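Participant: Dropping in target.pdb, which is PDB, C-alpha atoms and all ligand atoms:
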ATOM      1  CA  MET A  46      92.341  47.750  96.950
ATOM      2  CA  VAL A  47      89.782  47.036  94.198
ATOM      3  CA  GLY A  48      86.619  45.210  95.232
ATOM      4  CA  HIS A  49      87.183  45.269  98.991
ATOM      5  CA  TRP A  50      83.577  46.440  99.250
ATOM      6  CA  ARG A  51      82.575  42.885  98.257
ATOM      7  CA  GLU A  52      83.996  41.458 101.468
ATOM      8  CA  GLN A  53      82.283  44.145 103.542
ATOM      9  CA  LEU A  54      79.014  43.428 101.709
ATOM     10  CA  GLN A  55      79.403  39.771 102.732
ATOM     11  CA  GLU A  56      79.646  40.896 106.370
ATOM     12  CA  ILE A  57      76.428  42.918 105.955
ATOM     13  CA  ALA A  58      74.770  39.838 104.423
ATOM     14  CA  GLN A  59      75.888  37.713 107.389
ATOM     15  CA  ARG A  60      74.398  40.237 109.812
ATOM     16  CA  CYS A  61      71.122  40.093 107.837
ATOM     17  CA  ARG A  62      71.153  36.284 108.085
ATOM     18  CA  ASP A  63      71.683  36.701 111.848
ATOM     19  CA  GLY A  64      68.510  38.821 112.036
ATOM     20  CA  ALA A  65      69.819  42.410 111.910
ATOM     21  CA  ARG A  66      66.915  44.843 111.471
ATOM     22  CA  VAL A  67      67.149  46.622 108.109
ATOM     23  CA  ALA A  68      65.709  49.979 107.061
ATOM     24  CA  VAL A  69      65.968  51.222 103.481
ATOM     25  CA  LEU A  70      65.900  54.812 102.205
ATOM     26  CA  SER A  71      65.341  54.735  98.446
ATOM     27  CA  GLY A  72      65.405  57.524  95.872
ATOM     28  CA  ALA A  73      64.911  58.008  92.139
ATOM     29  CA  GLY A  74      68.070  56.007  91.348
ATOM     30  CA  ILE A  75      66.435  52.707  92.363
ATOM     31  CA  SER A  76      63.891  53.146  89.533
ATOM     32  CA  ALA A  77      66.451  54.392  86.985
ATOM     33  CA  ALA A  78      67.038  50.835  85.687
ATOM     34  CA  SER A  79      63.287  50.719  84.945
ATOM     35  CA  GLY A  80      63.784  53.663  82.594
ATOM     36  CA  ILE A  81      62.226  56.253  84.922
ATOM     37  CA  PRO A  82      64.242  59.506  84.604
ATOM     38  CA  THR A  83      65.857  60.690  87.849
ATOM     39  CA  PHE A  84      65.443  64.263  89.019
ATOM     40  CA  ARG A  85      69.042  65.300  88.758
ATOM     41  CA  GLY A  86      70.025  63.049  85.920
ATOM     42  CA  LYS A  87      69.822  64.231  82.331
ATOM     43  CA  SER A  88      66.158  63.599  81.554
ATOM     44  CA  ASP A  89      66.261  62.227  78.015
ATOM     45  CA  ASP A  90      62.953  63.843  77.145
ATOM     46  CA  ALA A  91      63.732  67.345  75.878
ATOM     47  CA  LEU A  92      60.154  68.458  76.624
ATOM     48  CA  TRP A  93      60.833  68.431  80.318
ATOM     49  CA  SER A  94      64.582  68.949  80.538
ATOM     50  CA  ARG A  95      64.035  72.722  80.382
ATOM     51  CA  TYR A  96      62.150  72.630  83.698
ATOM     52  CA  ARG A  97      63.669  71.788  87.083
ATOM     53  CA  PRO A  98      61.542  69.614  89.406
ATOM     54  CA  GLU A  99      61.845  72.323  92.064
ATOM     55  CA  GLU A 100      59.994  74.587  89.578
ATOM     56  CA  LEU A 101      57.171  72.155  88.820
ATOM     57  CA  ALA A 102      56.718  70.166  92.036
ATOM     58  CA  THR A 103      55.476  73.182  94.042
ATOM     59  CA  PRO A 104      52.084  74.592  95.102
ATOM     60  CA  ALA A 105      52.995  77.888  93.370
ATOM     61  CA  ALA A 106      53.628  76.182  90.020
ATOM     62  CA  PHE A 107      50.285  74.362  90.300
ATOM     63  CA  GLN A 108      48.512  77.581  91.243
ATOM     64  CA  ARG A 109      50.109  79.374  88.299
ATOM     65  CA  ASP A 110      49.688  76.673  85.649
ATOM     66  CA  PRO A 111      47.833  73.514  86.747
ATOM     67  CA  GLU A 112      47.721  72.195  83.174
ATOM     68  CA  LEU A 113      51.539  72.359  82.799
ATOM     69  CA  VAL A 114      52.060  70.625  86.140
ATOM     70  CA  TRP A 115      49.479  67.970  85.277
ATOM     71  CA  ARG A 116      51.084  67.361  81.863
ATOM     72  CA  TRP A 117      54.369  66.682  83.689
ATOM     73  CA  TYR A 118      52.739  64.251  86.102
ATOM     74  CA  ASP A 119      50.684  62.605  83.331
ATOM     75  CA  TRP A 120      53.922  62.053  81.364
ATOM     76  CA  ARG A 121      55.627  60.512  84.418
ATOM     77  CA  ARG A 122      52.538  58.352  85.140
ATOM     78  CA  SER A 123      52.619  57.007  81.582
ATOM     79  CA  LEU A 124      56.360  56.164  81.888
ATOM     80  CA  ILE A 125      55.708  54.342  85.182
ATOM     81  CA  ALA A 126      52.678  52.500  83.758
ATOM     82  CA  ASP A 127      54.690  51.432  80.682
ATOM     83  CA  SER A 128      57.568  50.014  82.736
ATOM     84  CA  ALA A 129      57.938  47.881  85.845
ATOM     85  CA  PRO A 130      60.004  47.449  89.037
ATOM     86  CA  ASN A 131      63.531  46.124  88.437
ATOM     87  CA  ALA A 132      65.954  43.690  90.100
ATOM     88  CA  ALA A 133      66.769  46.239  92.815
ATOM     89  CA  HIS A 134      63.133  46.386  93.981
ATOM     90  CA  GLN A 135      62.915  42.600  93.746
ATOM     91  CA  ALA A 136      66.100  42.155  95.802
ATOM     92  CA  LEU A 137      64.482  44.084  98.674
ATOM     93  CA  VAL A 138      61.450  41.774  98.505
ATOM     94  CA  ALA A 139      63.826  38.779  98.781
ATOM     95  CA  LEU A 140      65.700  40.393 101.691
ATOM     96  CA  ALA A 141      62.411  40.713 103.619
ATOM     97  CA  ALA A 142      62.201  36.901 103.579
ATOM     98  CA  VAL A 143      65.544  36.771 105.427
ATOM     99  CA  THR A 144      65.135  39.544 108.007
ATOM    100  CA  ASP A 145      62.940  42.488 109.052
ATOM    101  CA  VAL A 146      62.992  45.136 106.277
ATOM    102  CA  ARG A 147      61.197  48.506 106.455
ATOM    103  CA  ILE A 148      61.371  50.664 103.304
ATOM    104  CA  ILE A 149      61.127  54.458 103.359
ATOM    105  CA  THR A 150      60.882  55.656  99.779
ATOM    106  CA  GLN A 151      61.162  59.181  98.399
ATOM    107  CA  ASN A 152      59.732  57.867  95.132
ATOM    108  CA  VAL A 153      56.101  58.254  94.180
ATOM    109  CA  ASP A 154      56.053  55.466  91.539
ATOM    110  CA  GLY A 155      54.657  52.701  93.774
ATOM    111  CA  TYR A 156      57.288  50.259  92.416
ATOM    112  CA  HIS A 157      58.278  48.831  95.821
ATOM    113  CA  GLN A 158      54.704  47.665  96.506
ATOM    114  CA  GLN A 159      54.290  46.531  92.886
ATOM    115  CA  ALA A 160      57.422  44.366  93.295
ATOM    116  CA  GLY A 161      55.882  42.788  96.424
ATOM    117  CA  SER A 162      57.305  44.795  99.342
ATOM    118  CA  THR A 163      54.678  45.094 102.076
ATOM    119  CA  ASP A 164      56.311  47.422 104.606
ATOM    120  CA  VAL A 165      56.673  50.632 102.576
ATOM    121  CA  ILE A 166      56.500  54.200 103.894
ATOM    122  CA  GLU A 167      55.734  56.642 101.053
ATOM    123  CA  TYR A 168      57.543  59.695 102.418
ATOM    124  CA  HIS A 169      56.545  61.907  99.477
ATOM    125  CA  GLY A 170      53.179  60.369  98.599
ATOM    126  CA  ASN A 171      52.096  58.430  95.530
ATOM    127  CA  ILE A 172      51.676  59.591  91.935
ATOM    128  CA  TRP A 173      48.591  57.349  91.439
ATOM    129  CA  THR A 174      46.650  59.173  94.179
ATOM    130  CA  VAL A 175      44.593  62.237  93.255
ATOM    131  CA  ARG A 176      43.166  64.678  95.813
ATOM    132  CA  CYS A 177      40.522  67.374  95.414
ATOM    133  CA  THR A 178      41.741  70.954  95.964
ATOM    134  CA  SER A 179      38.369  71.834  97.449
ATOM    135  CA  CYS A 180      36.440  68.939  99.076
ATOM    136  CA  HIS A 181      37.749  65.818 100.856
ATOM    137  CA  TYR A 182      37.720  63.593  97.773
ATOM    138  CA  GLU A 183      40.858  61.456  97.493
ATOM    139  CA  ASN A 184      41.279  58.289  95.467
ATOM    140  CA  LEU A 185      43.615  56.101  93.440
ATOM    141  CA  ASP A 186      43.252  57.046  89.773
ATOM    142  CA  HIS A 187      45.148  54.861  87.294
ATOM    143  CA  ARG A 188      43.829  56.540  84.116
ATOM    144  CA  VAL A 189      46.621  56.987  81.515
ATOM    145  CA  PRO A 190      46.354  59.480  79.968
ATOM    146  CA  LEU A 191      44.396  61.678  82.340
ATOM    147  CA  PRO A 192      42.010  64.390  81.189
ATOM    148  CA  ILE A 193      44.097  67.571  81.692
ATOM    149  CA  PRO A 194      43.431  69.024  84.187
ATOM    150  CA  PRO A 195      41.429  66.279  85.978
ATOM    151  CA  ARG A 196      38.441  67.470  87.995
ATOM    152  CA  CYS A 197      36.768  66.173  91.120
ATOM    153  CA  PRO A 198      33.861  63.809  90.329
ATOM    154  CA  GLY A 199      32.046  65.246  93.358
ATOM    155  CA  CYS A 200      32.440  69.015  93.285
ATOM    156  CA  HIS A 201      34.193  69.528  89.899
ATOM    157  CA  ALA A 202      37.096  71.476  91.473
ATOM    158  CA  LEU A 203      40.653  70.807  90.256
ATOM    159  CA  LEU A 204      42.262  67.582  91.424
ATOM    160  CA  ARG A 205      45.954  67.619  92.436
ATOM    161  CA  PRO A 206      48.476  64.745  92.552
ATOM    162  CA  GLY A 207      48.629  63.055  95.980
ATOM    163  CA  VAL A 208      52.339  63.844  96.347
ATOM    164  CA  VAL A 209      54.331  66.103  98.721
ATOM    165  CA  TRP A 210      55.538  69.206  96.865
ATOM    166  CA  PHE A 211      58.515  71.368  97.832
ATOM    167  CA  GLY A 212      57.465  73.622 100.677
ATOM    168  CA  GLU A 213      54.847  71.133 101.881
ATOM    169  CA  PRO A 214      55.218  69.111 105.092
ATOM    170  CA  ILE A 215      55.752  65.343 105.106
ATOM    171  CA  PRO A 216      52.485  63.632 106.157
ATOM    172  CA  ALA A 217      52.693  63.164 109.953
ATOM    173  CA  ALA A 218      52.055  59.389 109.871
ATOM    174  CA  ALA A 219      54.822  58.820 107.307
ATOM    175  CA  CYS A 220      57.171  61.102 109.206
ATOM    176  CA  GLU A 221      56.658  59.270 112.516
ATOM    177  CA  ALA A 222      56.842  55.791 110.949
ATOM    178  CA  ALA A 223      60.070  56.677 109.147
ATOM    179  CA  ASP A 224      61.684  58.109 112.288
ATOM    180  CA  GLN A 225      60.746  54.953 114.226
ATOM    181  CA  ALA A 226      61.998  52.597 111.505
ATOM    182  CA  VAL A 227      65.327  54.415 111.218
ATOM    183  CA  ALA A 228      65.852  54.812 114.968
ATOM    184  CA  ALA A 229      65.226  51.077 115.480
ATOM    185  CA  CYS A 230      67.288  49.693 112.610
ATOM    186  CA  ASP A 231      70.730  48.050 112.861
ATOM    187  CA  ILE A 232      71.496  48.640 109.168
ATOM    188  CA  LEU A 233      70.270  51.466 106.878
ATOM    189  CA  LEU A 234      70.583  50.778 103.143
ATOM    190  CA  VAL A 235      70.578  54.115 101.253
ATOM    191  CA  VAL A 236      69.763  53.302  97.623
ATOM    192  CA  GLY A 237      69.810  55.637  94.614
ATOM    193  CA  THR A 238      69.445  59.012  96.249
ATOM    194  CA  ALA A 239      71.505  62.178  95.887
ATOM    195  CA  GLY A 240      70.702  62.963  99.529
ATOM    196  CA  ALA A 241      69.869  66.555  98.593
ATOM    197  CA  VAL A 242      66.227  66.787  99.714
ATOM    198  CA  TYR A 243      65.207  67.294 103.341
ATOM    199  CA  PRO A 244      63.855  66.088 105.701
ATOM    200  CA  ALA A 245      64.310  62.719 103.883
ATOM    201  CA  ALA A 246      68.101  63.035 103.798
ATOM    202  CA  GLY A 247      68.036  63.800 107.534
ATOM    203  CA  LEU A 248      66.971  60.187 108.146
ATOM    204  CA  VAL A 249      70.545  59.142 107.364
ATOM    205  CA  THR A 250      71.842  61.406 110.138
ATOM    206  CA  LEU A 251      69.221  59.936 112.482
ATOM    207  CA  ALA A 252      70.380  56.405 111.644
ATOM    208  CA  SER A 253      74.036  57.183 112.337
ATOM    209  CA  PHE A 254      72.972  58.954 115.549
ATOM    210  CA  HIS A 255      71.487  55.618 116.629
ATOM    211  CA  ASP A 256      74.727  53.797 115.680
ATOM    212  CA  ALA A 257      73.170  52.022 112.693
ATOM    213  CA  THR A 258      75.521  50.847 109.952
ATOM    214  CA  VAL A 259      74.837  53.000 106.863
ATOM    215  CA  VAL A 260      75.476  51.384 103.455
ATOM    216  CA  GLU A 261      75.183  53.458 100.255
ATOM    217  CA  PHE A 262      74.281  51.864  96.899
ATOM    218  CA  ASN A 263      74.803  54.473  94.175
ATOM    219  CA  LEU A 264      76.541  55.094  90.835
ATOM    220  CA  GLU A 265      78.657  57.670  92.691
ATOM    221  CA  PRO A 266      79.039  58.706  96.340
ATOM    222  CA  SER A 267      76.211  61.110  97.272
ATOM    223  CA  ALA A 268      75.828  63.949  99.764
ATOM    224  CA  ILE A 269      75.320  61.321 102.500
ATOM    225  CA  ALA A 270      78.562  59.496 101.659
ATOM    226  CA  GLN A 271      80.434  60.711 104.730
ATOM    227  CA  ARG A 272      77.795  59.052 106.915
ATOM    228  CA  ALA A 273      78.136  55.706 105.125
ATOM    229  CA  SER A 274      80.555  53.107 106.464
ATOM    230  CA  LEU A 275      80.327  51.247 103.166
ATOM    231  CA  TYR A 276      79.848  52.556  99.626
ATOM    232  CA  VAL A 277      78.801  49.966  97.009
ATOM    233  CA  PRO A 278      79.471  51.367  93.516
ATOM    234  CA  GLY A 279      77.283  50.683  90.480
ATOM    235  CA  SER A 280      73.658  50.366  89.485
ATOM    236  CA  ALA A 281      71.404  49.203  92.301
ATOM    237  CA  ALA A 282      69.837  46.760  89.838
ATOM    238  CA  ASP A 283      73.237  45.003  89.758
ATOM    239  CA  THR A 284      74.480  45.559  93.325
ATOM    240  CA  LEU A 285      71.436  44.948  95.576
ATOM    241  CA  PRO A 286      71.034  41.412  94.125
ATOM    242  CA  LEU A 287      74.660  40.746  95.236
ATOM    243  CA  LEU A 288      73.560  41.340  98.841
ATOM    244  CA  ILE A 289      70.720  38.840  98.388
ATOM    245  CA  GLU A 290      73.013  36.244  96.775
ATOM    246  CA  GLU A 291      75.126  36.437  99.927
ATOM    247  CA  THR A 292      72.147  36.044 102.278
ATOM    248  CA  THR A 293      70.438  33.056 100.653
TER     249      THR A 293
HETATM  250  C1  LIG A 301      59.573  70.734 103.749
HETATM  251  C2  LIG A 301      57.486  64.238  95.397
HETATM  252  C3  LIG A 301      58.792  72.230 105.409
HETATM  253  C4  LIG A 301      56.975  65.036  94.247
HETATM  254  C5  LIG A 301      59.541  65.358  96.130
HETATM  255  C6  LIG A 301      67.472  74.815 101.526
HETATM  256  C7  LIG A 301      68.286  73.924 102.204
HETATM  257  C8  LIG A 301      67.772  72.714 102.709
HETATM  258  C9  LIG A 301      66.416  72.405 102.544
HETATM  259  C10 LIG A 301      65.622  73.305 101.876
HETATM  260  C11 LIG A 301      66.138  74.496 101.366
HETATM  261  N1  LIG A 301      65.130  75.156 100.751
HETATM  262  C12 LIG A 301      64.003  74.423 100.865
HETATM  263  C13 LIG A 301      64.297  73.304 101.552
HETATM  264  C14 LIG A 301      63.370  72.231 101.922
HETATM  265  C15 LIG A 301      63.092  71.356 100.713
HETATM  266  C16 LIG A 301      64.381  70.786 100.158
HETATM  267  O1  LIG A 301      64.950  69.858 100.721
HETATM  268  N2  LIG A 301      64.837  71.369  99.030
HETATM  269  C17 LIG A 301      66.058  70.887  98.401
HETATM  270  C18 LIG A 301      65.918  71.009  96.881
HETATM  271  C19 LIG A 301      67.228  71.729  98.908
HETATM  272  N3  LIG A 301      62.265  70.274 101.204
HETATM  273  C20 LIG A 301      60.926  70.417 101.200
HETATM  274  O2  LIG A 301      60.345  71.377 100.727
HETATM  275  C21 LIG A 301      60.160  69.315 101.898
HETATM  276  N4  LIG A 301      59.195  69.909 102.790
HETATM  277  O3  LIG A 301      60.731  70.981 104.017
HETATM  278  O4  LIG A 301      58.493  71.270 104.393
HETATM  279  C22 LIG A 301      57.509  72.496 106.079
HETATM  280  C23 LIG A 301      57.305  72.023 107.373
HETATM  281  C24 LIG A 301      56.131  72.309 108.010
HETATM  282  C25 LIG A 301      55.105  73.032 107.352
HETATM  283  C26 LIG A 301      55.318  73.482 106.032
HETATM  284  C27 LIG A 301      56.516  73.207 105.374
HETATM  285  C28 LIG A 301      59.378  68.473 100.892
HETATM  286  C29 LIG A 301      60.328  67.836  99.920
HETATM  287  C30 LIG A 301      59.553  66.826  99.068
HETATM  288  C31 LIG A 301      59.501  67.317  97.631
HETATM  289  N5  LIG A 301      58.867  66.255  96.812
HETATM  290  N6  LIG A 301      58.945  64.358  95.457
HETATM  291  C32 LIG A 301      57.352  64.409  92.915
HETATM  292  O5  LIG A 301      58.000  63.347  92.863
HETATM  293  O6  LIG A 301      56.974  65.033  91.902
HETATM  294  S1  LIG A 301      61.234  65.462  96.124
HETATM  295  C33 LIG A 301      61.818  64.536  94.843
HETATM  296  O7  LIG A 301      63.132  64.979  94.632
HETATM  297  C34 LIG A 301      61.968  63.075  95.170
HETATM  298  O8  LIG A 301      60.892  62.571  95.910
HETATM  299  C35 LIG A 301      63.252  62.989  95.901
HETATM  300  O9  LIG A 301      63.101  63.226  97.272
HETATM  301  C36 LIG A 301      63.993  64.127  95.303
HETATM  302  C37 LIG A 301      64.903  63.553  94.239
HETATM  303  O10 LIG A 301      65.988  63.136  94.917
HETATM  304  P1  LIG A 301      66.569  61.685  94.627
HETATM  305  O11 LIG A 301      65.535  60.662  94.877
HETATM  306  O12 LIG A 301      67.822  61.638  95.400
HETATM  307  O13 LIG A 301      66.830  61.657  93.075
HETATM  308  P2  LIG A 301      67.973  62.451  92.272
HETATM  309  O14 LIG A 301      67.588  62.444  90.831
HETATM  310  O15 LIG A 301      68.260  63.755  92.952
HETATM  311  O16 LIG A 301      69.263  61.547  92.468
HETATM  312  C38 LIG A 301      69.271  60.248  91.908
HETATM  313  C39 LIG A 301      70.407  59.513  92.582
HETATM  314  O17 LIG A 301      70.391  58.173  92.117
HETATM  315  C40 LIG A 301      71.770  60.092  92.232
HETATM  316  O18 LIG A 301      72.585  60.088  93.388
HETATM  317  C41 LIG A 301      72.314  59.102  91.196
HETATM  318  O19 LIG A 301      73.726  58.975  91.254
HETATM  319  C42 LIG A 301      71.668  57.826  91.652
HETATM  320  N7  LIG A 301      71.443  56.838  90.593
HETATM  321  C43 LIG A 301      71.070  57.043  89.314
HETATM  322  N8  LIG A 301      70.921  55.842  88.678
HETATM  323  C44 LIG A 301      71.195  54.882  89.603
HETATM  324  C45 LIG A 301      71.527  55.500  90.821
HETATM  325  N9  LIG A 301      71.847  54.810  91.930
HETATM  326  C46 LIG A 301      71.855  53.460  91.837
HETATM  327  N10 LIG A 301      71.546  52.793  90.706
HETATM  328  C47 LIG A 301      71.218  53.464  89.572
HETATM  329  N11 LIG A 301      70.923  52.779  88.444
HETATM  330 ZN    ZN A 302      35.910  67.887  95.277
END
Take the structure in the file and give it back as structure tokens.
Ligand code: BV8
Ligand code: ZN

Facilitator:
Amino acid sequence: MVGHWREQLQEIAQRCRDGARVAVLSGAGISAASGIPTFRGKSDDALWSRYRPEELATPAAFQRDPELVWRWYDWRRSLIADSAPNAAHQALVALAAVTDVRIITQNVDGYHQQAGSTDVIEYHGNIWTVRCTSCHYENLDHRVPLPIPPRCPGCHALLRPGVVWFGEPIPAAACEAADQAVAACDILLVVGTAGAVYPAAGLVTLASFHDATVVEFNLEPSAIAQRASLYVPGSAADTLPLLIEETT
């Protein structure tokens, strides 16, 4: 039956109006409408389409060729700086006016906070943070473009992006906060993620373990689809605002 998901979305909206606690797990797809290439989509910039993120977002790649890795991040930083959060990010800000919303994002673009969300757990760090590879220097650095490779103003060693690379652990504080938010939620909105990267994708299993209602917003069902009791098809920039329309 076409469109039956609309009725089920209305039920979710009613539960939000009644004060259901909401957690959100967002991925690259929520920023796609802002023109930020996703990891597994076809990146429209040929320069980078010949690399896979798993080959660049690793300590080994940085060790081997810090300039290449920094050129990739500098390119992504310039795309993020030249664009802005979209209606999907804004819908989550509006939802937080209706009920308790805690966002766990896999994205490093800072768009949830830029849109106005205040309860954001950056599970994989933030692309605007730089960290020294030698001393304890860490800071927000919004220079676009960056000098390649950027060096520590204190000890002149290489700086690295303040993100979690493949093979690196999730920061303990983010890990604990995300587990708590997901274990306590009544509804988990999974928005724009392929559900392929762990331990982030494991948060969906944790939510269903705690009997939360899992709702997926994606162009197509993802690897977490079988854990979702509702799949809302389409771009999150179009579909998340529908949830808000129903709650206000
Ligand atoms: C760790 C920050 C251990 C950097 C990122 C084999 C099996 C299982 C796991 C592993 C394995 N081998 C290795 C692992 C572990 C590994 C992993 O999961 N690998 C995967 C590839 C199999 N994980 C790790 O290494 C993690 N650490 O395990 O540490 C440990 C423990 C203790 C001590 C030492 C070590 C760390 C993982 C974090 C990596 N960093 N990002 C950066 O951004 O540069 S991951 C990065 O990729 C993102 O953050 C995100 O998590 C992931 C991309 O996934 P998505 O967000 O889902 O994006 P994607 O493009 O894939 O999909 C987009 C989706 O959006 C699609 O579904 C699409 O349909 C949809 N979409 C598109 N447009 C829209 C849309 N939806 C709605 N609207 C639209 N408009
Ligand atoms: Zn230093």

Participant: What lies within 7 Å of A:Cys61 using all atoms listed in the file, ignoring chain neighbours under 5 positions off, as a PyMOL selection string?

Facilitator: chain A and resi 143-144+292

Participant: With distances taken over all atoms listed in the file, which of A:Arg147, A:Arg205, A:His169, A:Arg272 is nearest to ligand LIG 301 (chain A)?

Facilitator: A:His169

Participant: Just want the 10 Å neighbourhood of A:Leu191, counted on all atoms listed in the file, with same-chain residues fewer than 5 positions away dropped. Output as a compact mmCIF listing (two decimals) with C-alpha atoms, keeping the file's coordinate frame.

Facilitator:
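The result, stored in part30.txt:
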# COMPACT_ATOMS: atom_id res chain seq x y z
CA TRP A 115 49.48 67.97 85.28
CA ARG A 116 51.08 67.36 81.86
CA TYR A 118 52.74 64.25 86.10
CA ASP A 119 50.68 62.60 83.33
CA TRP A 120 53.92 62.05 81.36
CA ARG A 122 52.54 58.35 85.14
CA SER A 123 52.62 57.01 81.58
CA ASP A 186 43.25 57.05 89.77

Participant: Can you tell me which residues come within 7 Å of ligand ZN 302 (chain A) when counting all atoms listed in the file, ideally as a list in words?

Facilitator: Cys177, Thr178, Ser179, Cys180, His181, Tyr182, Cys197, Pro198, Gly199, Cys200, His201 and Ala202 of chain A

Participant: Kindly indicate which residue among A:Gln159, A:Ser128, A:Thr103, A:Thr83 lies nearest to ligand LIG 301 (chain A), using all atoms listed in the file for the distances.

Facilitator: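 Looking only at the distances to ligand LIG 301 (chain A), the closest residue turns out to be A:Thr83.
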
Participant: Within 7 Å of ligand LIG 301 (chain A) (counting only C-alpha atoms and all ligand atoms), which residues show up? I'd like them as a ChimeraX atom specification.

Facilitator: /A:71-75,77-78,83-86,98-99,102,151-153,169-170,208-215,236-245,262-265,267,279-282

Participant: Export C-alpha atoms of the chosen residues as a CSV table (one decimal), in the frame of the given file?

Facilitator:
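Saved file part.csv follows:
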chain,number,residue,atom,x,y,z
A,71,SER,CA,65.3,54.7,98.4
A,72,GLY,CA,65.4,57.5,95.9
A,73,ALA,CA,64.9,58.0,92.1
A,74,GLY,CA,68.1,56.0,91.3
A,75,ILE,CA,66.4,52.7,92.4
A,77,ALA,CA,66.5,54.4,87.0
A,78,ALA,CA,67.0,50.8,85.7
A,83,THR,CA,65.9,60.7,87.8
A,84,PHE,CA,65.4,64.3,89.0
A,85,ARG,CA,69.0,65.3,88.8
A,86,GLY,CA,70.0,63.0,85.9
A,98,PRO,CA,61.5,69.6,89.4
A,99,GLU,CA,61.8,72.3,92.1
A,102,ALA,CA,56.7,70.2,92.0
A,151,GLN,CA,61.2,59.2,98.4
A,152,ASN,CA,59.7,57.9,95.1
A,153,VAL,CA,56.1,58.3,94.2
A,169,HIS,CA,56.5,61.9,99.5
A,170,GLY,CA,53.2,60.4,98.6
A,208,VAL,CA,52.3,63.8,96.3
A,209,VAL,CA,54.3,66.1,98.7
A,210,TRP,CA,55.5,69.2,96.9
A,211,PHE,CA,58.5,71.4,97.8
A,212,GLY,CA,57.5,73.6,100.7
A,213,GLU,CA,54.8,71.1,101.9
A,214,PRO,CA,55.2,69.1,105.1
A,215,ILE,CA,55.8,65.3,105.1
A,236,VAL,CA,69.8,53.3,97.6
A,237,GLY,CA,69.8,55.6,94.6
A,238,THR,CA,69.4,59.0,96.2
A,239,ALA,CA,71.5,62.2,95.9
A,240,GLY,CA,70.7,63.0,99.5
A,241,ALA,CA,69.9,66.6,98.6
A,242,VAL,CA,66.2,66.8,99.7
A,243,TYR,CA,65.2,67.3,103.3
A,244,PRO,CA,63.9,66.1,105.7
A,245,ALA,CA,64.3,62.7,103.9
A,262,PHE,CA,74.3,51.9,96.9
A,263,ASN,CA,74.8,54.5,94.2
A,264,LEU,CA,76.5,55.1,90.8
A,265,GLU,CA,78.7,57.7,92.7
A,267,SER,CA,76.2,61.1,97.3
A,279,GLY,CA,77.3,50.7,90.5
A,280,SER,CA,73.7,50.4,89.5
A,281,ALA,CA,71.4,49.2,92.3
A,282,ALA,CA,69.8,46.8,89.8
